[in-house]
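With PDB, C-alpha atoms inside, this is coords_29.pdb:
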```pdb
MODEL        1
ATOM      1  CA  MET U   1       0.000   0.000   0.000
ATOM      2  CA  ARG U   2       1.498   3.304  -1.096
ATOM      3  CA  LEU U   3       1.404   6.319   1.223
ATOM      4  CA  PHE U   4       1.911   9.843  -0.099
ATOM      5  CA  TYR U   5       3.589  12.141   2.395
ATOM      6  CA  THR U   6       3.671  15.946   2.259
ATOM      7  CA  GLY U   7       4.933  16.565   5.777
ATOM      8  CA  ALA U   8       8.273  17.822   4.465
ATOM      9  CA  PHE U   9       6.417  20.845   3.038
ATOM     10  CA  VAL U  10       5.735  22.845   6.186
ATOM     11  CA  LEU U  11       3.690  26.021   6.539
ATOM     12  CA  PRO U  12       5.413  28.890   8.401
ATOM     13  CA  LEU U  13       2.556  29.553  10.833
ATOM     14  CA  PRO U  14       2.447  32.535  13.219
ATOM     15  CA  PRO U  15       3.285  31.913  16.897
ATOM     16  CA  GLY U  16       0.267  30.544  18.739
ATOM     17  CA  HIS U  17      -1.525  29.329  15.599
ATOM     18  CA  ARG U  18      -3.595  26.281  16.561
ATOM     19  CA  PHE U  19      -3.585  24.318  13.305
ATOM     20  CA  PRO U  20      -1.970  20.953  14.201
ATOM     21  CA  MET U  21       0.712  20.975  11.510
ATOM     22  CA  ALA U  22       2.849  18.522  13.470
ATOM     23  CA  LYS U  23       0.323  15.706  13.079
ATOM     24  CA  TYR U  24       1.563  14.866   9.575
ATOM     25  CA  SER U  25       5.152  14.144  10.530
ATOM     26  CA  LEU U  26       4.017  12.416  13.724
ATOM     27  CA  LEU U  27       1.734  10.159  11.692
ATOM     28  CA  ARG U  28       4.597   9.109   9.456
ATOM     29  CA  GLU U  29       6.768   8.424  12.490
ATOM     30  CA  ARG U  30       4.001   6.379  14.132
ATOM     31  CA  LEU U  31       3.476   4.228  11.058
ATOM     32  CA  LEU U  32       7.199   3.635  10.621
ATOM     33  CA  ALA U  33       7.623   2.759  14.286
ATOM     34  CA  GLY U  34       4.812   0.215  14.086
ATOM     35  CA  GLY U  35       6.740  -1.859  11.574
ATOM     36  CA  GLU U  36       3.839  -2.429   9.153
ATOM     37  CA  PHE U  37       5.131   0.094   6.630
ATOM     38  CA  PRO U  38       8.744   0.220   5.439
ATOM     39  CA  GLU U  39      10.423   3.443   4.411
ATOM     40  CA  SER U  40       9.832   2.448   0.791
ATOM     41  CA  ALA U  41       6.040   2.714   1.265
ATOM     42  CA  PHE U  42       6.277   6.497   1.676
ATOM     43  CA  HIS U  43       6.370   8.639  -1.464
ATOM     44  CA  THR U  44       6.708  12.361  -2.072
ATOM     45  CA  PRO U  45       3.975  13.453  -4.489
ATOM     46  CA  ASP U  46       4.362  15.780  -7.419
ATOM     47  CA  ALA U  47       2.674  19.159  -7.098
ATOM     48  CA  ALA U  48      -0.698  19.469  -8.818
ATOM     49  CA  SER U  49      -0.365  21.408 -12.063
ATOM     50  CA  ASP U  50      -2.414  24.443 -13.062
ATOM     51  CA  GLU U  51      -4.279  22.264 -15.548
ATOM     52  CA  GLU U  52      -5.204  19.776 -12.824
ATOM     53  CA  LEU U  53      -6.223  22.482 -10.356
ATOM     54  CA  CYS U  54      -8.297  24.354 -12.916
ATOM     55  CA  ARG U  55     -10.584  21.396 -13.507
ATOM     56  CA  ALA U  56     -12.016  22.204 -10.071
ATOM     57  CA  HIS U  57     -10.962  25.832  -9.488
ATOM     58  CA  ASP U  58     -11.314  29.088 -11.346
ATOM     59  CA  ALA U  59      -8.155  29.918 -13.266
ATOM     60  CA  GLY U  60      -8.107  33.430 -11.823
ATOM     61  CA  TYR U  61      -8.131  32.086  -8.277
ATOM     62  CA  VAL U  62      -5.317  29.613  -9.000
ATOM     63  CA  ARG U  63      -3.263  32.422 -10.558
ATOM     64  CA  ARG U  64      -3.839  34.787  -7.602
ATOM     65  CA  VAL U  65      -2.852  32.111  -5.094
ATOM     66  CA  ALA U  66       0.363  31.426  -6.995
ATOM     67  CA  ALA U  67       1.169  35.123  -7.395
ATOM     68  CA  GLY U  68       0.504  36.054  -3.770
ATOM     69  CA  GLU U  69      -2.400  38.319  -4.700
ATOM     70  CA  LEU U  70      -4.924  37.087  -2.135
ATOM     71  CA  THR U  71      -6.442  39.921  -0.119
ATOM     72  CA  PRO U  72      -6.097  40.049   3.676
ATOM     73  CA  ALA U  73      -9.773  39.072   3.902
ATOM     74  CA  GLU U  74      -9.208  36.042   1.673
ATOM     75  CA  GLN U  75      -6.208  34.967   3.729
ATOM     76  CA  LYS U  76      -8.223  35.355   6.929
ATOM     77  CA  ARG U  77     -10.967  33.179   5.485
ATOM     78  CA  ILE U  78      -8.428  30.478   4.688
ATOM     79  CA  GLY U  79      -6.877  30.767   8.134
ATOM     80  CA  PHE U  80      -3.257  30.871   6.931
ATOM     81  CA  PRO U  81      -1.160  33.854   5.833
ATOM     82  CA  TRP U  82       0.039  33.636   2.239
ATOM     83  CA  SER U  83       3.592  32.457   1.660
ATOM     84  CA  PRO U  84       5.420  30.613  -1.111
ATOM     85  CA  GLU U  85       5.486  27.614   1.212
ATOM     86  CA  MET U  86       1.690  27.748   1.529
ATOM     87  CA  VAL U  87       1.363  27.578  -2.251
ATOM     88  CA  GLU U  88       3.799  24.688  -2.566
ATOM     89  CA  ARG U  89       2.239  22.670   0.250
ATOM     90  CA  SER U  90      -1.275  23.213  -1.113
ATOM     91  CA  ARG U  91      -0.221  22.039  -4.566
ATOM     92  CA  ARG U  92       1.578  19.019  -3.105
ATOM     93  CA  SER U  93      -1.403  18.103  -0.920
ATOM     94  CA  ALA U  94      -3.682  18.074  -3.959
ATOM     95  CA  GLY U  95      -0.998  16.177  -5.838
ATOM     96  CA  ALA U  96      -0.895  13.566  -3.085
ATOM     97  CA  THR U  97      -4.587  12.773  -3.461
ATOM     98  CA  LEU U  98      -4.143  12.632  -7.239
ATOM     99  CA  ALA U  99      -1.297  10.164  -6.749
ATOM    100  CA  ALA U 100      -3.282   8.138  -4.218
ATOM    101  CA  CYS U 101      -6.166   7.813  -6.696
ATOM    102  CA  ARG U 102      -3.876   6.611  -9.476
ATOM    103  CA  ALA U 103      -2.172   4.139  -7.126
ATOM    104  CA  ALA U 104      -5.502   2.883  -5.758
ATOM    105  CA  LEU U 105      -6.789   2.201  -9.257
ATOM    106  CA  ALA U 106      -3.665   0.159  -9.954
ATOM    107  CA  GLU U 107      -3.331  -1.601  -6.584
ATOM    108  CA  GLY U 108      -6.670  -1.370  -4.735
ATOM    109  CA  CYS U 109      -5.921   1.199  -2.042
ATOM    110  CA  ALA U 110      -3.538   4.083  -1.325
ATOM    111  CA  ALA U 111      -3.507   7.099   0.964
ATOM    112  CA  ASN U 112      -2.584  10.736   1.207
ATOM    113  CA  LEU U 113      -1.262  11.241   4.740
ATOM    114  CA  ALA U 114      -2.698  14.759   4.609
ATOM    115  CA  GLY U 115      -5.390  16.221   2.329
ATOM    116  CA  GLY U 116      -9.123  16.303   2.803
ATOM    117  CA  THR U 117      -9.247  20.064   2.129
ATOM    118  CA  HIS U 118     -12.964  19.959   1.481
ATOM    119  CA  HIS U 119     -13.938  23.533   2.344
ATOM    120  CA  ALA U 120     -12.086  25.113  -0.590
ATOM    121  CA  GLN U 121     -14.510  26.499  -3.181
ATOM    122  CA  ALA U 122     -13.928  26.988  -6.898
ATOM    123  CA  ASP U 123     -12.992  30.660  -6.433
ATOM    124  CA  ARG U 124     -11.787  30.878  -2.836
ATOM    125  CA  GLY U 125     -10.322  29.013   0.088
ATOM    126  CA  GLU U 126     -11.689  28.725   3.599
ATOM    127  CA  GLY U 127     -11.374  26.711   6.780
ATOM    128  CA  PHE U 128      -7.650  25.832   6.417
ATOM    129  CA  CYS U 129      -8.279  24.728   2.808
ATOM    130  CA  VAL U 130      -6.683  26.370  -0.255
ATOM    131  CA  PHE U 131      -7.328  23.839  -3.044
ATOM    132  CA  ASN U 132      -9.970  21.104  -2.873
ATOM    133  CA  ASP U 133      -7.952  17.919  -3.323
ATOM    134  CA  ALA U 134     -10.925  15.547  -3.567
ATOM    135  CA  ALA U 135     -12.594  17.599  -6.309
ATOM    136  CA  VAL U 136      -9.297  18.063  -8.152
ATOM    137  CA  ALA U 137      -8.561  14.338  -7.997
ATOM    138  CA  ALA U 138     -12.061  13.227  -8.987
ATOM    139  CA  ARG U 139     -12.058  15.493 -12.023
ATOM    140  CA  ALA U 140      -8.554  14.331 -12.988
ATOM    141  CA  MET U 141      -9.499  10.640 -12.879
ATOM    142  CA  LEU U 142     -12.484  11.395 -15.116
ATOM    143  CA  ALA U 143     -10.460  13.574 -17.506
ATOM    144  CA  GLU U 144      -7.795  10.873 -17.780
ATOM    145  CA  ARG U 145     -10.570   8.357 -18.538
ATOM    146  CA  ARG U 146      -9.419   6.076 -15.771
ATOM    147  CA  VAL U 147     -12.995   5.867 -14.420
ATOM    148  CA  GLY U 148     -16.469   7.014 -15.363
ATOM    149  CA  ARG U 149     -17.970   7.410 -11.875
ATOM    150  CA  VAL U 150     -16.463   8.517  -8.553
ATOM    151  CA  ALA U 151     -17.924   8.705  -5.050
ATOM    152  CA  VAL U 152     -16.526  11.063  -2.418
ATOM    153  CA  ILE U 153     -17.351   9.658   1.023
ATOM    154  CA  ASP U 154     -16.659  12.430   3.525
ATOM    155  CA  CYS U 155     -16.595  11.381   7.186
ATOM    156  CA  ASP U 156     -14.938  14.525   8.518
ATOM    157  CA  VAL U 157     -17.060  16.073  11.280
ATOM    158  CA  HIS U 158     -17.476  19.219   9.149
ATOM    159  CA  GLN U 159     -19.555  19.185   5.976
ATOM    160  CA  GLY U 160     -17.613  19.016   2.716
ATOM    161  CA  ASN U 161     -19.255  22.199   1.485
ATOM    162  CA  GLY U 162     -16.603  23.069  -1.076
ATOM    163  CA  THR U 163     -16.662  19.587  -2.567
ATOM    164  CA  ALA U 164     -20.458  19.703  -2.797
ATOM    165  CA  THR U 165     -20.462  23.115  -4.470
ATOM    166  CA  ILE U 166     -17.669  22.447  -6.970
ATOM    167  CA  LEU U 167     -19.151  19.109  -8.042
ATOM    168  CA  ALA U 168     -22.825  20.122  -7.957
ATOM    169  CA  GLY U 169     -24.538  18.988 -11.134
ATOM    170  CA  ASP U 170     -21.689  16.689 -12.173
ATOM    171  CA  LYS U 171     -23.514  13.372 -12.456
ATOM    172  CA  ARG U 172     -20.237  11.492 -12.713
ATOM    173  CA  VAL U 173     -19.331  12.272  -9.085
ATOM    174  CA  PHE U 174     -21.509  11.448  -6.076
ATOM    175  CA  THR U 175     -20.824  13.440  -2.906
ATOM    176  CA  PHE U 176     -21.799  11.971   0.480
ATOM    177  CA  SER U 177     -21.068  13.901   3.671
ATOM    178  CA  ILE U 178     -21.903  12.727   7.203
ATOM    179  CA  HIS U 179     -21.224  15.534   9.677
ATOM    180  CA  GLY U 180     -22.271  17.525  12.709
ATOM    181  CA  ALA U 181     -25.415  19.541  12.080
ATOM    182  CA  ARG U 182     -24.355  22.498  14.246
ATOM    183  CA  ASN U 183     -20.689  22.600  13.282
ATOM    184  CA  PHE U 184     -18.751  24.645  10.701
ATOM    185  CA  PRO U 185     -19.677  25.563   7.988
ATOM    186  CA  PHE U 186     -22.745  27.134   9.541
ATOM    187  CA  GLU U 187     -24.350  27.648   6.134
ATOM    188  CA  LYS U 188     -24.313  24.198   4.568
ATOM    189  CA  ALA U 189     -24.078  23.406   0.867
ATOM    190  CA  GLN U 190     -26.083  20.564  -0.698
ATOM    191  CA  SER U 191     -24.226  17.331  -1.339
ATOM    192  CA  ASP U 192     -25.825  14.509  -3.280
ATOM    193  CA  LEU U 193     -26.376  12.974   0.151
ATOM    194  CA  ASP U 194     -26.017  14.759   3.486
ATOM    195  CA  ILE U 195     -26.511  13.139   6.884
ATOM    196  CA  GLU U 196     -26.517  15.667   9.722
ATOM    197  CA  LEU U 197     -25.932  14.495  13.264
ATOM    198  CA  ALA U 198     -26.857  16.073  16.583
ATOM    199  CA  ASP U 199     -24.205  17.177  19.065
ATOM    200  CA  ASP U 200     -22.828  14.341  21.193
ATOM    201  CA  THR U 201     -23.863  11.597  18.757
ATOM    202  CA  GLY U 202     -22.026   8.470  19.857
ATOM    203  CA  ASP U 203     -20.778   5.294  18.238
ATOM    204  CA  ALA U 204     -23.995   3.311  17.817
ATOM    205  CA  ASP U 205     -26.096   6.095  16.305
ATOM    206  CA  TYR U 206     -23.240   7.276  14.110
ATOM    207  CA  LEU U 207     -22.566   3.821  12.707
ATOM    208  CA  ALA U 208     -26.249   3.194  12.021
ATOM    209  CA  ALA U 209     -26.471   6.467  10.086
ATOM    210  CA  LEU U 210     -23.240   5.655   8.232
ATOM    211  CA  ASP U 211     -24.533   2.242   7.192
ATOM    212  CA  ALA U 212     -27.650   3.827   5.713
ATOM    213  CA  GLY U 213     -25.570   6.448   3.909
ATOM    214  CA  LEU U 214     -23.174   3.905   2.448
ATOM    215  CA  ALA U 215     -26.032   1.743   1.181
ATOM    216  CA  GLU U 216     -27.646   4.734  -0.521
ATOM    217  CA  THR U 217     -24.338   5.946  -1.965
ATOM    218  CA  PHE U 218     -23.463   2.630  -3.580
ATOM    219  CA  ALA U 219     -27.017   2.130  -4.838
ATOM    220  CA  ARG U 220     -27.265   5.562  -6.431
ATOM    221  CA  CYS U 221     -23.724   5.956  -7.784
ATOM    222  CA  ARG U 222     -22.160   2.522  -8.519
ATOM    223  CA  PRO U 223     -18.699   4.134  -8.287
ATOM    224  CA  GLU U 224     -15.564   2.838  -9.920
ATOM    225  CA  LEU U 225     -13.424   4.737  -7.378
ATOM    226  CA  VAL U 226     -14.065   5.991  -3.853
ATOM    227  CA  ILE U 227     -12.246   8.960  -2.365
ATOM    228  CA  TYR U 228     -12.604   8.576   1.402
ATOM    229  CA  LEU U 229     -12.055  11.566   3.710
ATOM    230  CA  ALA U 230     -11.328   9.885   7.035
ATOM    231  CA  GLY U 231     -11.449  12.845   9.405
ATOM    232  CA  ALA U 232     -10.302  12.195  12.970
ATOM    233  CA  ASP U 233     -12.474  14.994  14.304
ATOM    234  CA  PRO U 234     -15.721  13.088  15.112
ATOM    235  CA  TYR U 235     -13.691  11.889  18.135
ATOM    236  CA  ALA U 236     -15.170  12.749  21.532
ATOM    237  CA  GLY U 237     -11.941  14.485  22.565
ATOM    238  CA  ASP U 238     -11.619  16.708  19.491
ATOM    239  CA  ARG U 239     -11.769  20.394  20.363
ATOM    240  CA  LEU U 240     -13.605  21.258  17.123
ATOM    241  CA  GLY U 241     -15.735  18.133  16.884
ATOM    242  CA  ARG U 242     -19.015  18.246  18.891
ATOM    243  CA  LEU U 243     -19.616  14.522  18.295
ATOM    244  CA  SER U 244     -18.722  11.740  20.753
ATOM    245  CA  LEU U 245     -17.145   8.846  18.882
ATOM    246  CA  SER U 246     -14.623   6.660  20.663
ATOM    247  CA  PHE U 247     -11.374   5.291  19.241
ATOM    248  CA  ALA U 248     -13.165   1.981  18.723
ATOM    249  CA  GLY U 249     -16.112   3.677  17.015
ATOM    250  CA  LEU U 250     -13.839   5.489  14.592
ATOM    251  CA  ALA U 251     -11.949   2.284  13.817
ATOM    252  CA  GLU U 252     -15.273   0.576  13.074
ATOM    253  CA  ARG U 253     -16.264   3.523  10.855
ATOM    254  CA  ASP U 254     -13.108   2.996   8.804
ATOM    255  CA  ALA U 255     -13.707  -0.734   8.612
ATOM    256  CA  ARG U 256     -17.265  -0.249   7.366
ATOM    257  CA  VAL U 257     -16.359   2.311   4.702
ATOM    258  CA  LEU U 258     -13.314   0.421   3.449
ATOM    259  CA  GLY U 259     -14.905  -2.993   3.831
ATOM    260  CA  SER U 260     -17.870  -1.827   1.750
ATOM    261  CA  CYS U 261     -15.457  -0.793  -0.985
ATOM    262  CA  ARG U 262     -13.444  -4.017  -0.807
ATOM    263  CA  GLU U 263     -16.450  -6.328  -0.967
ATOM    264  CA  ARG U 264     -17.670  -4.496  -4.085
ATOM    265  CA  GLY U 265     -14.254  -4.474  -5.737
ATOM    266  CA  ILE U 266     -14.026  -0.671  -5.662
ATOM    267  CA  PRO U 267     -10.572   0.936  -5.265
ATOM    268  CA  ALA U 268     -10.289   3.426  -2.395
ATOM    269  CA  ALA U 269      -8.056   6.494  -2.094
ATOM    270  CA  LEU U 270      -7.822   7.953   1.410
ATOM    271  CA  ALA U 271      -7.197  11.467   2.711
ATOM    272  CA  MET U 272      -6.847  12.229   6.405
ATOM    273  CA  ALA U 273      -8.866  15.486   6.604
ATOM    274  CA  GLY U 274      -9.399  17.106  10.030
ATOM    275  CA  GLY U 275      -8.248  16.256  13.520
ATOM    276  CA  TYR U 276      -7.739  18.752  16.347
ATOM    277  CA  ALA U 277      -7.545  16.749  19.557
ATOM    278  CA  GLU U 278      -5.377  17.788  22.459
ATOM    279  CA  PRO U 279      -3.162  15.930  23.044
ATOM    280  CA  ILE U 280      -2.255  15.703  19.377
ATOM    281  CA  ALA U 281      -1.239  12.074  19.958
ATOM    282  CA  ASP U 282      -4.950  11.181  20.010
ATOM    283  CA  THR U 283      -5.411  12.530  16.477
ATOM    284  CA  VAL U 284      -2.299  10.664  15.326
ATOM    285  CA  THR U 285      -3.648   7.447  16.854
ATOM    286  CA  ILE U 286      -6.928   7.800  14.928
ATOM    287  CA  HIS U 287      -5.206   8.535  11.622
ATOM    288  CA  ALA U 288      -2.749   5.663  12.124
ATOM    289  CA  THR U 289      -5.629   3.284  12.816
ATOM    290  CA  THR U 290      -7.282   4.406   9.564
ATOM    291  CA  ILE U 291      -4.160   3.546   7.570
ATOM    292  CA  ARG U 292      -3.651   0.230   9.352
ATOM    293  CA  THR U 293      -7.308  -0.669   8.775
ATOM    294  CA  ALA U 294      -6.928   0.068   5.066
ATOM    295  CA  LYS U 295      -3.852  -2.153   4.872
ATOM    296  CA  ARG U 296      -5.618  -4.970   6.722
ATOM    297  CA  ILE U 297      -8.695  -4.841   4.479
ATOM    298  CA  PHE U 298      -6.978  -4.345   1.140
ATOM    299  CA  GLY U 299      -3.776  -6.229   1.891
TER     300      GLY U 299
ENDMDL
END
```
Any chance you could put this one into structure tokens?
Amino acid sequence: MRLFYTGAFVLPLPPGHRFPMAKYSLLRERLLAGGEFPESAFHTPDAASDEELCRAHDAGYVRRVAAGELTPAEQKRIGFPWSPEMVERSRRSAGATLAACRAALAEGCAANLAGGTHHAQADRGEGFCVFNDAAVAARAMLAERRVGRVAVIDCDVHQGNGTATILAGDKRVFTFSIHGARNFPFEKAQSDLDIELADDTGDADYLAALDAGLAETFARCRPELVIYLAGADPYAGDRLGRLSLSFAGLAERDARVLGSCRERGIPAALAMAGGYAEPIADTVTIHATTIRTAKRIFG
């Protein structure tokens, strides 16, 4: 199983910034220390090209990001100050999901150890998201004629509003988001399927809702590729989460999503999406379990 790692491309964040940038390198270290993944499993992705980005984003927005022409208000909405490093990391993160999709189609499953930047819209970024890697990758796989139908299964605690908006009306891509009803973004977009959950939803209710959503997704879409956003932030201890899943509940979530793909013969490309627990080790544990579950199910 190939893992695409962008942790070497670090954002220069202001002192006190609370985005957990360290989780990416810690995840790689955790997976290496566990012995299941050799050094050779980790790959540095190419940066997404303008052509690839512009299948999901407005060309003017891509150009302004690259040129450092985002306004202070736009940078505030993203949550990061502009820098050349921000541009490079954002391109590499999208490139990692592109690479994971291509590898999954060849081998069954692969993962971006970052990504899941599902709030980015066609013409703007928001919520720590500059480019929408799932939308970019889905459109690329279709443009390259590798597949004819893609499903984006988004289990981050926050709705994938950017993914829903960018891909609205594209019948080749089915967007399913299961998320907290009262969490960011406070004005929701419309996915092909949205399941909204009350605050403090726990394992049993979450998994029942997920099962129903997966059944509907596979019935309505019949995808040839799944892009799975495996957010760690439905965890009970996540400071931005509002749901109450346990470690075991999140592991079972991963097993149900990935097992549903495996039993149908559908390749799966993973992105880690959100995770904001304190201590950060809890987020790393959840992400590592996701990757180990994928390896166990797909081999």
Starting from the displayed file, determine the output of the PyMOL selection byres ((chain U and resi 67-70) around 12) and express the residue list as a ChimeraX atom specification. /U:60-66,71-78,80-88,123-125,130
When you look at Gln159 of chain U with a cut-off of 10 Å (counting all atoms listed in the file), what residues show up, excluding the ones that are within fewer than 6 positions of it in the same chain? I need them as a list in words.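 Contacts, with the query itself left out: His118, His119, Phe176, Ser177, Ile178, His179, Gly180, Ala181, Asn183, Phe184, Pro185, Phe186, Glu187, Lys188, Ala189, Gln190, Ser191, Asp194, Ile195 and Glu196 of chain U.
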Students should find that atom CA of Arg146 of chain U and atom CA of Val226 of chain U are spaced 12.8 Å
I'd like the contact shell of Arg256 of chain U - 12 Å cut-off, all atoms listed in the file, skipping same-chain residues fewer than 5 positions apart - returned as a ChimeraX atom specification. /U:153,155,206-215,228,230,249-251,261-263,290,293-294,297
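Every protein, DNA or RNA residue with an atom at most 8 Å from Arg89 of chain U, where all atoms listed in the file count and chain neighbours fewer than 5 positions away do not, is listed here: Thr6, Phe9, Val10 and Leu11 of chain U.
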Adding 3 Å on each side of the box along x, y and z that holds all listed atoms of segment 207-224 of chain U, could you give its centre and edge lengths in Å to one decimal, as AutoDock Vina command-line options?
```
--center_x -21.6 --center_y 4.1 --center_z 1.4 --size_x 18.1 --size_y 10.7 --size_z 28.6
```
Return the single residue from U:Ala219, U:Ala140, U:Ala271, U:Cys129 that is closest to Leu3 of chain U, with distances computed using only C-alpha atoms.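 When distances to Leu3 of chain U are compared using only C-alpha atoms, the smallest one comes from U:Ala271.
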Residues selected by the PyMOL selection byres ((chain U and resi 42) around 6), written as a PyMOL selection string: chain U and resi 3-4+39-41+43
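Nearest to Leu270 of chain U of all the residues U:Gly202, U:Gly35, U:Pro20, U:Gly231 is U:Gly231, counting only C-alpha atoms.
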Would you write out, as a list in words, every residue that the PyMOL selection byres ((chain U and resi 170) around 12) captures in this file?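 That selection, the PyMOL selection byres ((chain U and resi 170) around 12), comes back as Ala56, Ala135, Ala138, Arg139, Leu142, Gly148, Arg149, Val150, Ala151, Thr163, Ala164, Thr165, Ile166, Leu167, Ala168, Gly169, Lys171, Arg172, Val173, Phe174, Thr175, Ser191, Asp192 and Cys221 of chain U.
Distances from U:Leu26, U:Leu32, U:Leu105, U:Leu13 to Ala281 of chain U were compared using only C-alpha atoms, and the smallest one belongs to U:Leu26.
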Could you tell me, as number ranges by chain, which residues have any atom at most 10 Å from (-18.5, -1.6, 24.0), counting only C-alpha atoms? U: 203-204, 246, 248-249
Selection from above, C-alpha atoms, as an mmCIF file, in the coordinates of the input, can you write it?
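Below you can see selection-v9.cif, which holds the result:
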```
data_model
loop_
_atom_site.group_PDB
_atom_site.id
_atom_site.type_symbol
_atom_site.label_atom_id
_atom_site.label_comp_id
_atom_site.auth_asym_id
_atom_site.auth_seq_id
_atom_site.Cartn_x
_atom_site.Cartn_y
_atom_site.Cartn_z
ATOM 1 C CA ASP U 203 -20.778 5.294 18.238
ATOM 2 C CA ALA U 204 -23.995 3.311 17.817
ATOM 3 C CA SER U 246 -14.623 6.660 20.663
ATOM 4 C CA ALA U 248 -13.165 1.981 18.723
ATOM 5 C CA GLY U 249 -16.112 3.677 17.015
#
```
12 Å contact set for Ile280 of chain U, all atoms listed in the file, chain neighbours under 5 positions out, as number ranges by chain: U: 18-27, 232-233, 237-239, 274-275, 285-287
Go ahead and dump the residues you just picked, C-alpha atoms, as a compact mmCIF listing (two decimals), in the frame of the given file.
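Generated output (result.txt):
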```txt
# COMPACT_ATOMS: atom_id res chain seq x y z
CA ARG U 18 -3.60 26.28 16.56
CA PHE U 19 -3.58 24.32 13.30
CA PRO U 20 -1.97 20.95 14.20
CA MET U 21 0.71 20.98 11.51
CA ALA U 22 2.85 18.52 13.47
CA LYS U 23 0.32 15.71 13.08
CA TYR U 24 1.56 14.87 9.57
CA SER U 25 5.15 14.14 10.53
CA LEU U 26 4.02 12.42 13.72
CA LEU U 27 1.73 10.16 11.69
CA ALA U 232 -10.30 12.20 12.97
CA ASP U 233 -12.47 14.99 14.30
CA GLY U 237 -11.94 14.48 22.56
CA ASP U 238 -11.62 16.71 19.49
CA ARG U 239 -11.77 20.39 20.36
CA GLY U 274 -9.40 17.11 10.03
CA GLY U 275 -8.25 16.26 13.52
CA THR U 285 -3.65 7.45 16.85
CA ILE U 286 -6.93 7.80 14.93
CA HIS U 287 -5.21 8.54 11.62
```
Please determine, counting all atoms listed in the file, which residue among U:Gly79, U:Gly127, U:Gly115, U:Pro267 has the shortest atom-to-atom distance to Gly7 of chain U.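 Nearest to Gly7 of chain U: U:Gly115.
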Would you mind reading off the distance between atom CA of Gly265 of chain U and atom CA of Tyr5 of chain U, one decimal, in Å?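 Result for atom CA of Gly265 of chain U versus atom CA of Tyr5 of chain U: 25.7 Å, one decimal.
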Just checking: using only C-alpha atoms, which residue out of U:Ala110, U:Arg28, U:Gly160, U:Glu126 ends up closest to Phe298 of chain U? U:Ala110
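One distance worth recording is that between atom CA of Thr117 of chain U and atom CA of Arg145 of chain U, which is 23.8 Å.
Proximity ranking of U:Val284, U:Ala236, U:Pro12, U:Gly299 relative to Leu113 of chain U places U:Val284 first, based on all atoms listed in the file.
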